[in-house]
Protein chains: 2
Amino acid sequence: MSVAEEVLHKPVTMDDVLAAADRIRTLARKTPVGSSHLFNEACGTSTFFKCENLQRGGSFKIRGALNFLMSLSEEERARGIVTFSSGNHAQAVAIAAAHLGVPATIVMPTDAPKAKLESTRAYGPAIIFHDRQRENREEIARKIAVDSGAVVLPSYDHPWIIAGQGTAALELFQEKPDIDAIVTPLGGGGLLSGTIVVARALRPEMRVFGAEPAIANDWYLSLERGERTAIPPPATIADGLRTVIPGKLTFPIVQTRTERVVLVSEEEIKSSVRFLLTRMKLVVEPSGAVAAAAVLYEKLPPEIRSAGVILSGGNIDLKALAEICAEGG
Amino acid sequence: MSVAEEVLHKPVTMDDVLAAADRIRTLARKTPVGSSHLFNEACGTSTFFKCENLQRGGSFKIRGALNFLMSLSEEERARGIVTFSSGNHAQAVAIAAAHLGVPATIVMPTDAPKAKLESTRAYGPAIIFHDRQRENREEIARKIAVDSGAVVLPSYDHPWIIAGQGTAALELFQEKPDIDAIVTPLGGGGLLSGTIVVARALRPEMRVFGAEPAIANDWYLSLERGERTAIPPPATIADGLRTVIPGKLTFPIVQTRTERVVLVSEEEIKSSVRFLLTRMKLVVEPSGAVAAAAVLYEKLPPEIRSAGVILSGGNIDLKALAEICAEGG
């Protein structure tokens with residue numbers, strides 16, 4: 001059993017996040033924390049944005065990818081890794097692997113957005129295409145791992161990934177230690193799980209919220225029912241949050257400490273992307289704007305006066321950006 | 001004669017910039033300095049971006065406006081100020097005046113872009129409209145000043161404005177003291193003049209460049225001929241750089257220390273806006289992207305290995321943004 005498999009059932013601790021922060025320091029950016037008078041006035045909440053859209057690779061995903069690769073043994077790194085993703089995780093793994101000299105194979109769907117494919121390919125990983133309708137990408141990845149001896153790098157459901165993603169909240173709490181609440185987008189749950197590990201250790205009284213599209217409410221339903229609940233593939237514009245079921249590892253972590261999952265409409269997401277563009281001069285992809293939408297559209301309990309929001313990514317192509325702008329123009 | 005008029009013929013010194021930095025510290029943002037591996041790879045120059053698009057009011061203009069207002073006597077501030085602008089300067093003055101409780105009158109053209117008008121009006125100044133074809137806005141402003149006792153606040157041609165704008169370069173040099181060159185957009189010349197005052201004092205060997213649209217080449221022609229030279233009103237997309245002649249005060253400062261004015265095409269400007277949007281996740285208006293375009297399209301001498309670039313503003317409306325995105329999609 002590889003080291004990566006051995007740790008699978010160990011709980012993620014604050015020490016793991018601190019170790020991750022130390023590991024990734026030179027390769028991940030310490031992203032700025034921004035604020036906007038106009039945003040605060042619009043919603044009445046003093047909001048601090050952790051700008052992971054300005055992170056290397058355009059999203060927080062590089063944090064977990066680096067921490068995973070740097071936690072492998074020398075021998076495992078030499079054999080390489082394999083992962084599957086059509087989005088930010090693919091790009092993050094490609095960048096991290098290129099920097100660390102780890103051979104990487106990425107399984108991507110044949111219909112992956114051209115922009116995301118090109119920006120992943122630029123870093124030189126091997127890319128294996130699969131037919132999204134007919135093949136299971138996870139099985140393909142596992143088969144490659146068995147055949148080649150490569151380690152499978154999950155996109156969220158792994159302690160090293162969760163610990164790495166937690167470093168974003170760690171930086172935010174270090175800069176803004178007094179916020180009442182924190183809100184993150186909820187896709188696979190890696191970002192919120194890492195955030196919870198840090199909140200538990202540093203800010204036990206902090207209120208923690210996840211945000212997801214109302215039409216991709218797998219987390220909302222799962223927390224309501226107390227068990228992981230699947231939904232049909234959702235057609236939300238937030239393409240990074242199209243997961244259909246919470247992660248096995250992330251679900252119990254999120255469950256212990258999340259006050260509520262707040263739901264936002266597609267229109268609220270797009271309108272928030274436009275607000276961030278025109279008022280704050282930041283390009284945030286729809287998935288990355290979901291937590292901001294939750295605050296802007298006043299979905300948090302009204303007594304919350306200040307909130308940290310993770311703008312989790314900014315990877316959006318020109319065509320999609322043009323459409324979102326045109327709808328609001 | 002008011003204090004503001006008395007200083008008109010005094011040279012701007014590094015002490016003036018340092019005093020301005022001290023004055024504006026609490027109200028202007030210390031904007032982040034960003035960089036992008038993809039940008040550096042594309043042009044071969046290690047480039048550091050001073051993100052004045054993330055400044056309050058969406059451009060560097062708040063620096064000069066605050067320094068001007070805070071340099072007035074109590075009695076002058078009570079009488080108020082009058083200025084004329086359809087763009088970033090108007091918005092900056094409105095914000096600065098509102099924060100300092102100074103009555104402000106802003107002369108704007110009847111055809112000012114609705115977004116810019118609204119974001120200026122939100123801060124509560126008196127707005128006087130003029131017909132751009134038939135009336136001279138400077139004369140209107142002077143008449144208001146004579147009638148009301150208000151002080152005219154120029155948009156670039158004043159030592160207090162120049163000293164204020166110099167604080168952007170001051171912050172950049174403090175963070176990146178070793179860059180070979182600095183490039184700023186050239187409109188009225190306030191930003192480049194302030195930059196030169198700082199470069200002279202802190203980095204006498206630094207190479208200084210201005211950048212302007214090729215179809216708005218008043219500075220290029222003026223430096224070539226050794227005298228202020230007017231051009232017909234240019235139709236460049238860089239609406240903040242549509243000045244038709246260099247400033248009286250800014251021209252001699254720019255002339256002493258600018259190695260060259262580099263010219264960029266309209267296509268190069270738009271393409272740079274798209275690069276900054278998609279690769280760096282920053283909204284930069286066309287005027288604000290002109291210096292970045294100069295570096296990206298390799299207009300600097302090839303021996304320059306590192307450059308500071310001021311991204312001077314990010315105020316662009318959704319319609320214009322949608323068009324620029326759609327053209328590149």
# chains A, B, ... in the order shown; residues from 1 in each chain; ligands from 1

call {"tool": "interface_residues", "arguments": {"of": "chain B", "to": "chain A", "cutoff": "10 Å", "atoms": "only C-alpha atoms", "output": "PyMOL selection string"}}
result
chain B and resi 31-37+51+53-58+115+119+274-285+313-329

call {"tool": "write_last_selection", "arguments": {"atoms": "N, CA and C atoms", "output": "compact mmCIF listing (two decimals), in the first residue's frame"}}
result
# COMPACT_ATOMS: atom_id res chain seq x y z
N THR B 31 -1.82 49.43 -3.37
CA THR B 31 -2.28 48.36 -4.28
C THR B 31 -1.23 47.25 -4.41
N PRO B 32 -1.69 46.03 -4.70
CA PRO B 32 -0.71 44.93 -4.84
C PRO B 32 0.13 45.04 -6.11
N VAL B 33 1.28 44.41 -6.08
CA VAL B 33 2.14 44.28 -7.26
C VAL B 33 2.04 42.82 -7.71
N GLY B 34 1.57 42.62 -8.92
CA GLY B 34 1.36 41.25 -9.42
C GLY B 34 2.36 40.87 -10.47
N SER B 35 2.42 39.58 -10.77
CA SER B 35 3.25 39.13 -11.88
C SER B 35 2.62 37.88 -12.46
N SER B 36 3.06 37.48 -13.63
CA SER B 36 2.48 36.34 -14.32
C SER B 36 3.56 35.61 -15.11
N HIS B 37 3.74 34.33 -14.79
CA HIS B 37 4.69 33.52 -15.56
C HIS B 37 4.34 33.54 -17.04
N CYS B 51 -0.94 47.36 -9.58
CA CYS B 51 -2.36 47.18 -9.91
C CYS B 51 -3.22 48.35 -9.44
N ASN B 53 -5.60 49.45 -11.05
CA ASN B 53 -7.01 49.11 -11.34
C ASN B 53 -7.73 48.68 -10.06
N LEU B 54 -6.97 48.21 -9.08
CA LEU B 54 -7.57 47.80 -7.81
C LEU B 54 -7.58 48.94 -6.79
N GLN B 55 -7.18 50.12 -7.22
CA GLN B 55 -7.18 51.32 -6.35
C GLN B 55 -8.62 51.78 -6.11
N ARG B 56 -8.83 52.53 -5.06
CA ARG B 56 -10.17 53.11 -4.83
C ARG B 56 -10.55 54.00 -5.99
N GLY B 57 -11.80 53.86 -6.43
CA GLY B 57 -12.23 54.61 -7.60
C GLY B 57 -11.76 53.98 -8.89
N GLY B 58 -11.05 52.87 -8.80
CA GLY B 58 -10.68 52.11 -9.99
C GLY B 58 -9.54 52.67 -10.81
N ALA B 115 -22.20 54.81 -17.18
CA ALA B 115 -21.59 54.12 -16.04
C ALA B 115 -20.69 55.08 -15.26
N SER B 119 -21.34 56.41 -11.44
CA SER B 119 -20.42 56.09 -10.34
C SER B 119 -19.81 57.37 -9.76
N ARG B 274 -7.38 41.55 -23.12
CA ARG B 274 -7.83 40.15 -23.05
C ARG B 274 -6.82 39.27 -22.31
N PHE B 275 -5.53 39.50 -22.56
CA PHE B 275 -4.50 38.72 -21.85
C PHE B 275 -4.63 38.93 -20.34
N LEU B 276 -4.76 40.20 -19.94
CA LEU B 276 -4.87 40.51 -18.50
C LEU B 276 -6.13 39.90 -17.90
N LEU B 277 -7.21 39.87 -18.67
CA LEU B 277 -8.47 39.27 -18.20
C LEU B 277 -8.34 37.76 -18.02
N THR B 278 -7.89 37.09 -19.07
CA THR B 278 -7.96 35.63 -19.05
C THR B 278 -6.78 35.00 -18.32
N ARG B 279 -5.63 35.57 -18.44
CA ARG B 279 -4.45 34.94 -17.84
C ARG B 279 -4.18 35.47 -16.44
N MET B 280 -4.43 36.76 -16.22
CA MET B 280 -4.10 37.33 -14.91
C MET B 280 -5.33 37.66 -14.07
N LYS B 281 -6.52 37.44 -14.64
CA LYS B 281 -7.80 37.60 -13.91
C LYS B 281 -8.00 39.04 -13.44
N LEU B 282 -7.44 40.00 -14.19
CA LEU B 282 -7.57 41.40 -13.82
C LEU B 282 -8.36 42.15 -14.88
N VAL B 283 -9.30 42.99 -14.43
CA VAL B 283 -10.01 43.87 -15.35
C VAL B 283 -9.21 45.16 -15.44
N VAL B 284 -8.69 45.43 -16.63
CA VAL B 284 -7.92 46.64 -16.87
C VAL B 284 -8.56 47.34 -18.05
N GLU B 285 -8.86 48.61 -17.93
CA GLU B 285 -9.47 49.31 -19.05
C GLU B 285 -8.43 49.53 -20.14
N GLY B 313 -5.71 51.80 -14.58
CA GLY B 313 -7.12 51.87 -14.22
C GLY B 313 -7.90 50.67 -14.72
N GLY B 314 -9.09 50.48 -14.17
CA GLY B 314 -9.92 49.33 -14.53
C GLY B 314 -11.37 49.68 -14.79
N ASN B 315 -11.65 50.96 -15.06
CA ASN B 315 -13.05 51.36 -15.22
C ASN B 315 -13.51 51.18 -16.66
N ILE B 316 -14.25 50.13 -16.86
CA ILE B 316 -14.77 49.84 -18.19
C ILE B 316 -16.17 49.28 -18.00
N ASP B 317 -17.11 49.68 -18.85
CA ASP B 317 -18.46 49.19 -18.60
C ASP B 317 -18.68 47.82 -19.27
N LEU B 318 -19.77 47.19 -18.88
CA LEU B 318 -20.01 45.81 -19.30
C LEU B 318 -20.11 45.68 -20.82
N LYS B 319 -20.70 46.69 -21.46
CA LYS B 319 -20.89 46.62 -22.90
C LYS B 319 -19.52 46.62 -23.60
N ALA B 320 -18.66 47.53 -23.20
CA ALA B 320 -17.33 47.61 -23.81
C ALA B 320 -16.53 46.34 -23.52
N LEU B 321 -16.67 45.83 -22.31
CA LEU B 321 -15.97 44.61 -21.93
C LEU B 321 -16.46 43.43 -22.76
N ALA B 322 -17.79 43.35 -22.92
CA ALA B 322 -18.37 42.26 -23.72
C ALA B 322 -17.83 42.31 -25.15
N GLU B 323 -17.71 43.52 -25.71
CA GLU B 323 -17.22 43.65 -27.09
C GLU B 323 -15.77 43.19 -27.22
N ILE B 324 -14.94 43.64 -26.28
CA ILE B 324 -13.52 43.27 -26.34
C ILE B 324 -13.36 41.75 -26.18
N CYS B 325 -14.15 41.16 -25.27
CA CYS B 325 -14.09 39.70 -25.08
C CYS B 325 -14.55 38.98 -26.34
N ALA B 326 -15.67 39.44 -26.90
CA ALA B 326 -16.26 38.75 -28.05
C ALA B 326 -15.31 38.77 -29.24
N GLU B 327 -14.57 39.87 -29.42
CA GLU B 327 -13.63 39.97 -30.54
C GLU B 327 -12.51 38.94 -30.44
N GLY B 328 -12.19 38.54 -29.24
CA GLY B 328 -11.08 37.59 -29.07
C GLY B 328 -11.55 36.16 -28.86
N GLY B 329 -12.88 35.95 -28.82
CA GLY B 329 -13.41 34.62 -28.46
C GLY B 329 -13.46 33.65 -29.62

call {"tool": "select_by_dssp", "arguments": {"residues": "stretch 118-171 of chain A", "states": "helix (DSSP H, G or I)", "output": "mmCIF file with N, CA, C and O atoms, in the first residue's frame"}}
result
data_model
loop_
_atom_site.group_PDB
_atom_site.id
_atom_site.type_symbol
_atom_site.label_atom_id
_atom_site.label_comp_id
_atom_site.auth_asym_id
_atom_site.auth_seq_id
_atom_site.Cartn_x
_atom_site.Cartn_y
_atom_site.Cartn_z
ATOM 1 N N GLU A 118 -6.029 23.627 -23.413
ATOM 2 C CA GLU A 118 -4.785 24.247 -23.871
ATOM 3 C C GLU A 118 -3.914 24.700 -22.698
ATOM 4 O O GLU A 118 -2.708 24.530 -22.700
ATOM 5 N N SER A 119 -4.568 25.295 -21.665
ATOM 6 C CA SER A 119 -3.750 25.809 -20.571
ATOM 7 C C SER A 119 -3.214 24.669 -19.709
ATOM 8 O O SER A 119 -2.202 24.822 -19.044
ATOM 9 N N THR A 120 -3.866 23.505 -19.752
ATOM 10 C CA THR A 120 -3.312 22.328 -19.065
ATOM 11 C C THR A 120 -2.168 21.747 -19.893
ATOM 12 O O THR A 120 -1.079 21.487 -19.389
ATOM 13 N N ARG A 121 -2.414 21.594 -21.179
ATOM 14 C CA ARG A 121 -1.436 20.980 -22.076
ATOM 15 C C ARG A 121 -0.110 21.756 -22.087
ATOM 16 O O ARG A 121 0.967 21.167 -22.233
ATOM 17 N N ARG A 137 -14.144 7.913 -15.940
ATOM 18 C CA ARG A 137 -12.786 8.466 -15.928
ATOM 19 C C ARG A 137 -11.976 7.951 -14.744
ATOM 20 O O ARG A 137 -10.769 7.792 -14.817
ATOM 21 N N GLU A 138 -12.689 7.664 -13.648
ATOM 22 C CA GLU A 138 -11.986 7.178 -12.473
ATOM 23 C C GLU A 138 -11.415 5.781 -12.732
ATOM 24 O O GLU A 138 -10.284 5.490 -12.355
ATOM 25 N N GLU A 139 -12.200 4.965 -13.418
ATOM 26 C CA GLU A 139 -11.715 3.618 -13.765
ATOM 27 C C GLU A 139 -10.514 3.682 -14.701
ATOM 28 O O GLU A 139 -9.560 2.927 -14.552
ATOM 29 N N ILE A 140 -10.593 4.602 -15.678
ATOM 30 C CA ILE A 140 -9.463 4.756 -16.611
ATOM 31 C C ILE A 140 -8.206 5.144 -15.837
ATOM 32 O O ILE A 140 -7.121 4.595 -16.044
ATOM 33 N N ALA A 141 -8.376 6.091 -14.904
ATOM 34 C CA ALA A 141 -7.230 6.549 -14.125
ATOM 35 C C ALA A 141 -6.659 5.401 -13.283
ATOM 36 O O ALA A 141 -5.444 5.201 -13.221
ATOM 37 N N ARG A 142 -7.545 4.625 -12.664
ATOM 38 C CA ARG A 142 -7.068 3.510 -11.833
ATOM 39 C C ARG A 142 -6.341 2.459 -12.663
ATOM 40 O O ARG A 142 -5.350 1.883 -12.238
ATOM 41 N N LYS A 143 -6.839 2.256 -13.871
ATOM 42 C CA LYS A 143 -6.182 1.273 -14.750
ATOM 43 C C LYS A 143 -4.772 1.765 -15.129
ATOM 44 O O LYS A 143 -3.816 0.994 -15.109
ATOM 45 N N ILE A 144 -4.670 3.051 -15.436
ATOM 46 C CA ILE A 144 -3.350 3.615 -15.755
ATOM 47 C C ILE A 144 -2.420 3.462 -14.552
ATOM 48 O O ILE A 144 -1.243 3.124 -14.690
ATOM 49 N N ALA A 145 -2.967 3.699 -13.357
ATOM 50 C CA ALA A 145 -2.157 3.601 -12.144
ATOM 51 C C ALA A 145 -1.645 2.167 -11.965
ATOM 52 O O ALA A 145 -0.455 1.949 -11.694
ATOM 53 N N VAL A 146 -2.519 1.208 -12.152
ATOM 54 C CA VAL A 146 -2.119 -0.191 -11.983
ATOM 55 C C VAL A 146 -1.060 -0.569 -13.028
ATOM 56 O O VAL A 146 -0.021 -1.145 -12.712
ATOM 57 N N ASP A 147 -1.307 -0.177 -14.274
ATOM 58 C CA ASP A 147 -0.384 -0.535 -15.351
ATOM 59 C C ASP A 147 0.985 0.126 -15.200
ATOM 60 O O ASP A 147 2.009 -0.454 -15.522
ATOM 61 N N SER A 148 0.996 1.387 -14.739
ATOM 62 C CA SER A 148 2.247 2.155 -14.783
ATOM 63 C C SER A 148 2.910 2.301 -13.421
ATOM 64 O O SER A 148 4.041 2.760 -13.323
ATOM 65 N N PRO A 159 -6.689 13.324 2.443
ATOM 66 C CA PRO A 159 -6.208 14.197 3.526
ATOM 67 C C PRO A 159 -5.156 15.216 3.074
ATOM 68 O O PRO A 159 -5.138 16.345 3.570
ATOM 69 N N TRP A 160 -4.282 14.841 2.160
ATOM 70 C CA TRP A 160 -3.247 15.782 1.711
ATOM 71 C C TRP A 160 -3.851 16.936 0.906
ATOM 72 O O TRP A 160 -3.365 18.052 0.932
ATOM 73 N N ILE A 161 -4.885 16.596 0.129
ATOM 74 C CA ILE A 161 -5.571 17.630 -0.651
ATOM 75 C C ILE A 161 -6.304 18.575 0.308
ATOM 76 O O ILE A 161 -6.185 19.805 0.227
ATOM 77 N N ILE A 162 -7.038 17.999 1.260
ATOM 78 C CA ILE A 162 -7.801 18.808 2.218
ATOM 79 C C ILE A 162 -6.861 19.725 3.010
ATOM 80 O O ILE A 162 -7.121 20.922 3.165
ATOM 81 N N ALA A 163 -5.746 19.172 3.473
ATOM 82 C CA ALA A 163 -4.789 19.982 4.241
ATOM 83 C C ALA A 163 -4.231 21.119 3.382
ATOM 84 O O ALA A 163 -4.090 22.255 3.841
ATOM 85 N N GLY A 164 -3.938 20.819 2.124
ATOM 86 C CA GLY A 164 -3.414 21.859 1.221
ATOM 87 C C GLY A 164 -4.421 22.968 0.999
ATOM 88 O O GLY A 164 -4.097 24.155 1.100
ATOM 89 N N GLN A 165 -5.672 22.596 0.747
ATOM 90 C CA GLN A 165 -6.710 23.628 0.500
ATOM 91 C C GLN A 165 -6.932 24.480 1.755
ATOM 92 O O GLN A 165 -7.287 25.662 1.657
ATOM 93 N N GLY A 166 -6.707 23.887 2.933
ATOM 94 C CA GLY A 166 -6.879 24.635 4.180
ATOM 95 C C GLY A 166 -5.935 25.819 4.315
ATOM 96 O O GLY A 166 -6.216 26.759 5.082
ATOM 97 N N THR A 167 -4.850 25.815 3.554
ATOM 98 C CA THR A 167 -3.883 26.919 3.695
ATOM 99 C C THR A 167 -4.460 28.252 3.218
ATOM 100 O O THR A 167 -3.989 29.309 3.642
ATOM 101 N N ALA A 168 -5.472 28.231 2.365
ATOM 102 C CA ALA A 168 -6.093 29.491 1.914
ATOM 103 C C ALA A 168 -6.782 30.171 3.098
ATOM 104 O O ALA A 168 -6.586 31.366 3.349
ATOM 105 N N ALA A 169 -7.588 29.402 3.842
ATOM 106 C CA ALA A 169 -8.260 29.956 5.016
ATOM 107 C C ALA A 169 -7.236 30.362 6.084
ATOM 108 O O ALA A 169 -7.397 31.386 6.748
ATOM 109 N N LEU A 170 -6.184 29.566 6.225
ATOM 110 C CA LEU A 170 -5.127 29.907 7.188
ATOM 111 C C LEU A 170 -4.582 31.307 6.906
ATOM 112 O O LEU A 170 -4.486 32.145 7.810
ATOM 113 N N GLU A 171 -4.255 31.579 5.644
ATOM 114 C CA GLU A 171 -3.734 32.904 5.286
ATOM 115 C C GLU A 171 -4.769 33.996 5.546
ATOM 116 O O GLU A 171 -4.442 35.088 6.006
#

call {"tool": "residues_around", "arguments": {"residues": "stretch 4-16 of chain A", "least_positions_apart": "2", "cutoff": "9 Å", "atoms": "only C-alpha atoms", "output": "ChimeraX atom specification"}}
result
/A:1-2,18-21,68,71-72,151-153,157-160,162-164,166,194,197-198,200-202,249

call {"tool": "select_by_dssp", "arguments": {"residues": "stretch 203-325 of chain B", "states": "strand (DSSP E or B)", "output": "PyMOL selection string"}}
result
chain B and resi 207-213+260-264+282+306-311+313

call {"tool": "atom_distance", "arguments": {"atom1": "atom CA of B:Val102", "atom2": "atom CA of B:Gly149"}}
result
13.1 Å

call {"tool": "residues_around", "arguments": {"residues": "A:Ile106", "least_positions_apart": "5", "cutoff": "10 Å", "atoms": "only C-alpha atoms", "output": "tab-separated table (two decimals) with all heavy atoms, in the first residue's frame"}}
result
chain	number	residue	atom	x	y	z
A	81	ILE	N	2.23	10.47	-11.33
A	81	ILE	CA	0.85	10.48	-10.84
A	81	ILE	C	-0.11	10.49	-12.02
A	81	ILE	O	0.25	10.83	-13.14
A	81	ILE	CB	0.57	11.69	-9.93
A	81	ILE	CG1	0.82	13.01	-10.66
A	81	ILE	CG2	1.41	11.63	-8.65
A	81	ILE	CD1	-0.31	13.57	-11.41
A	82	VAL	N	-1.35	10.11	-11.70
A	82	VAL	CA	-2.41	10.18	-12.70
A	82	VAL	C	-3.63	10.81	-12.04
A	82	VAL	O	-3.93	10.55	-10.87
A	82	VAL	CB	-2.71	8.77	-13.30
A	82	VAL	CG1	-3.05	7.77	-12.20
A	82	VAL	CG2	-3.86	8.84	-14.30
A	83	THR	N	-4.31	11.69	-12.77
A	83	THR	CA	-5.50	12.31	-12.21
A	83	THR	C	-6.53	12.50	-13.31
A	83	THR	O	-6.25	12.27	-14.49
A	83	THR	CB	-5.15	13.64	-11.51
A	83	THR	OG1	-6.27	14.05	-10.72
A	83	THR	CG2	-4.83	14.74	-12.53
A	84	PHE	N	-7.74	12.88	-12.91
A	84	PHE	CA	-8.80	13.09	-13.91
A	84	PHE	C	-9.53	14.37	-13.54
A	84	PHE	O	-9.86	14.62	-12.38
A	84	PHE	CB	-9.76	11.90	-13.94
A	84	PHE	CG	-10.11	11.37	-12.58
A	84	PHE	CD1	-11.19	11.87	-11.88
A	84	PHE	CD2	-9.30	10.40	-11.98
A	84	PHE	CE1	-11.49	11.40	-10.63
A	84	PHE	CE2	-9.60	9.92	-10.71
A	84	PHE	CZ	-10.69	10.42	-10.02
A	85	SER	N	-9.75	15.22	-14.54
A	85	SER	CA	-10.40	16.51	-14.32
A	85	SER	C	-10.50	17.21	-15.65
A	85	SER	O	-9.66	17.02	-16.53
A	85	SER	CB	-9.56	17.37	-13.37
A	85	SER	OG	-9.93	18.73	-13.46
A	86	SER	N	-11.55	17.99	-15.83
A	86	SER	CA	-11.61	18.80	-17.04
A	86	SER	C	-11.39	20.26	-16.69
A	86	SER	O	-11.51	21.14	-17.52
A	86	SER	CB	-12.98	18.65	-17.69
A	86	SER	OG	-13.98	19.03	-16.77
A	89	HIS	N	-8.57	21.64	-11.42
A	89	HIS	CA	-7.69	20.65	-10.81
A	89	HIS	C	-6.66	20.15	-11.82
A	89	HIS	O	-5.48	20.01	-11.50
A	89	HIS	CB	-8.54	19.50	-10.26
A	89	HIS	CG	-7.73	18.37	-9.69
A	89	HIS	ND1	-6.96	18.52	-8.55
A	89	HIS	CD2	-7.57	17.07	-10.08
A	89	HIS	CE1	-6.37	17.35	-8.28
A	89	HIS	NE2	-6.72	16.47	-9.19
A	90	ALA	N	-7.10	19.92	-13.06
A	90	ALA	CA	-6.18	19.46	-14.11
A	90	ALA	C	-5.04	20.45	-14.31
A	90	ALA	O	-3.86	20.09	-14.35
A	90	ALA	CB	-6.94	19.27	-15.43
A	91	GLN	N	-5.40	21.73	-14.40
A	91	GLN	CA	-4.40	22.75	-14.63
A	91	GLN	C	-3.44	22.85	-13.45
A	91	GLN	O	-2.22	22.97	-13.61
A	91	GLN	CB	-5.12	24.08	-14.86
A	91	GLN	CG	-4.26	25.12	-15.53
A	91	GLN	CD	-5.09	26.34	-15.93
A	91	GLN	OE1	-6.28	26.24	-16.20
A	91	GLN	NE2	-4.44	27.49	-15.96
A	93	VAL	N	-2.66	20.51	-11.24
A	93	VAL	CA	-1.78	19.34	-11.19
A	93	VAL	C	-0.69	19.45	-12.25
A	93	VAL	O	0.48	19.16	-11.99
A	93	VAL	CB	-2.59	18.04	-11.36
A	93	VAL	CG1	-1.66	16.84	-11.56
A	93	VAL	CG2	-3.51	17.82	-10.17
A	94	ALA	N	-1.07	19.92	-13.44
A	94	ALA	CA	-0.08	20.06	-14.52
A	94	ALA	C	1.03	21.03	-14.12
A	94	ALA	O	2.21	20.76	-14.32
A	94	ALA	CB	-0.77	20.53	-15.80
A	120	THR	N	-3.87	23.51	-19.75
A	120	THR	CA	-3.31	22.33	-19.06
A	120	THR	C	-2.17	21.75	-19.89
A	120	THR	O	-1.08	21.49	-19.39
A	120	THR	CB	-4.42	21.27	-18.86
A	120	THR	OG1	-5.46	21.85	-18.09
A	120	THR	CG2	-3.88	20.05	-18.15
A	121	ARG	N	-2.41	21.59	-21.18
A	121	ARG	CA	-1.44	20.98	-22.08
A	121	ARG	C	-0.11	21.76	-22.09
A	121	ARG	O	0.97	21.17	-22.23
A	121	ARG	CB	-2.01	20.92	-23.50
A	121	ARG	CG	-1.34	19.88	-24.39
A	121	ARG	CD	-1.48	20.23	-25.83
A	121	ARG	NE	-2.83	20.11	-26.38
A	121	ARG	CZ	-3.34	18.96	-26.84
A	121	ARG	NH1	-2.64	17.87	-26.81
A	121	ARG	NH2	-4.56	18.94	-27.33
A	125	PRO	N	1.91	17.73	-19.41
A	125	PRO	CA	1.55	16.39	-18.94
A	125	PRO	C	1.10	15.52	-20.11
A	125	PRO	O	0.77	16.05	-21.17
A	125	PRO	CB	0.36	16.65	-18.01
A	125	PRO	CG	-0.32	17.84	-18.63
A	125	PRO	CD	0.80	18.70	-19.17
A	126	ALA	N	1.09	14.22	-19.90
A	126	ALA	CA	0.43	13.33	-20.85
A	126	ALA	C	-1.07	13.49	-20.67
A	126	ALA	O	-1.55	13.55	-19.55
A	126	ALA	CB	0.84	11.88	-20.58
A	127	ILE	N	-1.80	13.61	-21.78
A	127	ILE	CA	-3.25	13.76	-21.67
A	127	ILE	C	-3.93	12.57	-22.34
A	127	ILE	O	-3.60	12.23	-23.48
A	127	ILE	CB	-3.71	15.10	-22.28
A	127	ILE	CG1	-3.14	16.26	-21.44
A	127	ILE	CG2	-5.24	15.18	-22.33
A	127	ILE	CD1	-3.51	17.63	-21.91
A	128	ILE	N	-4.81	11.92	-21.60
A	128	ILE	CA	-5.59	10.79	-22.13
A	128	ILE	C	-7.04	11.26	-22.22
A	128	ILE	O	-7.59	11.76	-21.25
A	128	ILE	CB	-5.53	9.58	-21.17
A	128	ILE	CG1	-4.09	9.19	-20.83
A	128	ILE	CG2	-6.34	8.40	-21.73
A	128	ILE	CD1	-3.35	8.48	-21.93
A	129	PHE	N	-7.62	11.13	-23.41
A	129	PHE	CA	-9.01	11.56	-23.58
A	129	PHE	C	-9.98	10.41	-23.31
A	129	PHE	O	-9.67	9.26	-23.61
A	129	PHE	CB	-9.23	12.09	-24.99
A	129	PHE	CG	-8.52	13.40	-25.20
A	129	PHE	CD1	-7.29	13.44	-25.84
A	129	PHE	CD2	-9.08	14.58	-24.73
A	129	PHE	CE1	-6.62	14.64	-26.02
A	129	PHE	CE2	-8.41	15.79	-24.92
A	129	PHE	CZ	-7.18	15.82	-25.56
A	137	ARG	N	-14.14	7.91	-15.94
A	137	ARG	CA	-12.79	8.47	-15.93
A	137	ARG	C	-11.98	7.95	-14.74
A	137	ARG	O	-10.77	7.79	-14.82
A	137	ARG	CB	-12.84	9.99	-15.93
A	137	ARG	CG	-13.53	10.57	-14.71
A	137	ARG	CD	-13.66	12.07	-14.84
A	137	ARG	NE	-14.05	12.64	-13.55
A	137	ARG	CZ	-14.04	13.92	-13.27
A	137	ARG	NH1	-13.65	14.79	-14.18
A	137	ARG	NH2	-14.39	14.37	-12.09
A	141	ALA	N	-8.38	6.09	-14.90
A	141	ALA	CA	-7.23	6.55	-14.13
A	141	ALA	C	-6.66	5.40	-13.28
A	141	ALA	O	-5.44	5.20	-13.22
A	141	ALA	CB	-7.63	7.72	-13.23
A	153	LEU	N	-4.01	10.75	-8.04
A	153	LEU	CA	-4.11	12.00	-7.29
A	153	LEU	C	-5.57	12.46	-7.31
A	153	LEU	O	-6.04	12.95	-8.33
A	153	LEU	CB	-3.19	13.04	-7.94
A	153	LEU	CG	-2.77	14.27	-7.12
A	153	LEU	CD1	-1.62	15.00	-7.78
A	153	LEU	CD2	-3.90	15.20	-6.82

call {"tool": "residues_around", "arguments": {"residues": "A:Glu267", "least_positions_apart": "3", "cutoff": "12 Å", "atoms": "only C-alpha atoms", "output": "PyMOL selection string"}}
result
chain A and resi 213-215+236-238+263-264+270-274+286+289-290+293-294+297+324+327-328
